[in-house]
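Structure data (CSV, C-alpha atoms) from my_file-v4.csv:
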chain,number,residue,atom,x,y,z
A,10,MET,CA,91.9,51.5,62.4
A,11,LYS,CA,95.2,52.7,63.8
A,12,GLN,CA,94.7,56.1,62.4
A,13,PHE,CA,91.2,56.3,63.8
A,14,ASN,CA,92.4,55.3,67.2
A,15,ASN,CA,95.2,57.9,67.2
A,16,LEU,CA,92.7,60.6,66.1
A,17,ASP,CA,90.2,59.5,68.8
A,18,MET,CA,92.9,59.5,71.5
A,19,THR,CA,94.1,63.0,70.4
A,20,PHE,CA,90.6,64.3,70.4
A,21,LYS,CA,89.8,63.0,73.9
A,22,LEU,CA,93.0,64.5,75.3
A,23,ILE,CA,92.2,67.9,73.8
A,24,ILE,CA,88.6,67.8,75.1
A,25,LYS,CA,89.9,66.7,78.5
A,26,SER,CA,92.3,69.6,78.7
A,27,ILE,CA,89.6,72.1,77.5
A,28,VAL,CA,87.2,70.9,80.2
A,29,ALA,CA,89.9,71.3,82.8
A,30,ALA,CA,90.7,74.9,81.7
A,31,PRO,CA,87.8,76.3,79.5
A,32,GLN,CA,89.3,79.7,78.7
A,33,VAL,CA,89.1,80.1,74.9
A,34,PHE,CA,92.0,82.6,74.6
A,35,LYS,CA,94.4,80.4,76.6
A,36,ILE,CA,93.4,77.3,74.7
A,37,SER,CA,93.9,79.0,71.3
A,38,GLN,CA,97.3,80.2,72.3
A,39,ARG,CA,98.7,76.8,73.1
A,40,GLU,CA,101.8,75.8,71.2
A,41,ASN,CA,101.0,74.1,67.8
A,42,PHE,CA,97.3,74.0,68.7
A,43,LEU,CA,96.2,75.2,65.3
A,44,ASN,CA,98.5,72.8,63.6
A,45,ILE,CA,97.2,69.9,65.7
A,46,LEU,CA,93.6,70.8,64.7
A,47,LYS,CA,94.5,71.0,61.0
A,48,LYS,CA,96.2,67.6,61.2
A,49,MET,CA,93.2,66.1,63.0
A,50,ASN,CA,91.0,67.5,60.2
A,51,GLN,CA,93.2,65.9,57.5
A,52,ASP,CA,93.3,62.6,59.4
A,53,SER,CA,89.5,62.6,59.8
A,54,ASP,CA,89.1,63.1,56.1
A,55,THR,CA,91.4,60.1,55.5
A,56,VAL,CA,89.5,58.0,58.0
A,57,ARG,CA,86.2,59.0,56.4
A,58,ALA,CA,87.5,58.1,53.0
A,59,GLY,CA,88.7,54.7,54.3
A,60,LEU,CA,85.3,54.1,55.9
A,61,SER,CA,83.6,54.9,52.6
A,62,VAL,CA,85.7,52.4,50.8
A,63,PHE,CA,85.0,49.8,53.4
A,64,MET,CA,81.3,50.3,53.2
A,65,ASP,CA,81.4,50.2,49.4
A,66,ASN,CA,83.2,46.9,49.5
A,67,LYS,CA,80.6,45.5,51.9
A,68,ARG,CA,77.9,46.7,49.6
A,69,ASP,CA,79.6,45.0,46.6
A,70,SER,CA,79.6,41.8,48.6
A,71,PHE,CA,76.1,42.1,49.9
A,72,PRO,CA,73.8,44.0,47.4
A,73,ARG,CA,71.0,44.4,50.0
A,74,LEU,CA,73.2,46.9,51.8
A,75,PHE,CA,72.7,49.4,49.0
A,76,PHE,CA,69.4,50.2,50.6
A,77,ILE,CA,70.9,51.0,54.0
A,78,SER,CA,72.3,54.5,54.7
A,79,ASN,CA,76.0,54.9,55.8
A,80,GLU,CA,74.9,55.8,59.3
A,81,GLU,CA,72.8,52.6,59.6
A,82,LEU,CA,75.7,50.5,58.2
A,83,ILE,CA,78.1,52.0,60.7
A,84,ASP,CA,75.7,51.1,63.5
A,85,LEU,CA,75.2,47.6,62.1
A,86,PHE,CA,78.9,46.8,61.8
A,87,GLY,CA,79.6,48.4,65.2
A,88,ARG,CA,77.2,45.9,66.8
A,89,ALA,CA,78.9,42.9,65.2
A,90,ASP,CA,81.1,40.8,67.4
File written out as C-alpha cells:
Amino acid sequence: MKQFNNLDMTFKLIIKSIVAAPQVFKISQRENFLNILKKMNQDSDTVRAGLSVFMDNKRDSFPRLFFISNEELIDLFGRAD
C-alpha cells in the first residue's frame, strides 16, 4: 500500500506541474524526468503484481470470486469499509 501511495503522490505532483506549464519540450528537459518516469513504470508493475497476488488470495478464500473480473473485484474491494 505504501508503494502505491508513493506512486500516486508522485504521479499527482507530475500532473500538477504539467498542467501549470504545459510545454512539452520544457517538461521533457527537466532534470531526471525520464528516470522518474522509468521508476514510476517499474513501481507500477510491482504494485500491479502485488494486486494480482492479493486478488488471487481472495479468490482462493472465496471461490465465487473466480467468476468476477479483476476490475470488478477492485471496485468491490474499494467499496468495502
Which of A:Thr55, A:Asn66, A:Ser78, A:Asn44 sits closest to Lys11 (chain A) [using all atoms listed in the file]: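 With all atoms listed in the file as the atom set, the closest residue is A:Thr55.
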Taking all atoms listed in the file into account, name the residue in A:Phe34, A:Phe20, A:Phe13, A:Phe76 that is nearest to Asp54 (chain A).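 Among the listed residues, the smallest separation from Asp54 (chain A) belongs to A:Phe13.
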Atom pair CA of Gly59 (chain A) + CA of Phe71 (chain A), distance 18.4 Å
Counting all atoms listed in the file, the option among A:Ile45, A:Leu82, A:Leu74, A:Ala30 closest to Leu60 (chain A):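 Using all atoms listed in the file, the shortest distance to Leu60 (chain A) belongs to A:Leu82.
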Nearby residues (only C-alpha atoms) at most 12 Å from Asn15 (chain A), same-chain spacing under 2 positions excluded, as a list of chain:residue names: A:Met10, A:Lys11, A:Gln12, A:Phe13, A:Asp17, A:Met18, A:Thr19, A:Phe20, A:Lys21, A:Leu22, A:Lys48, A:Met49, A:Asp52, A:Ser53, A:Val56
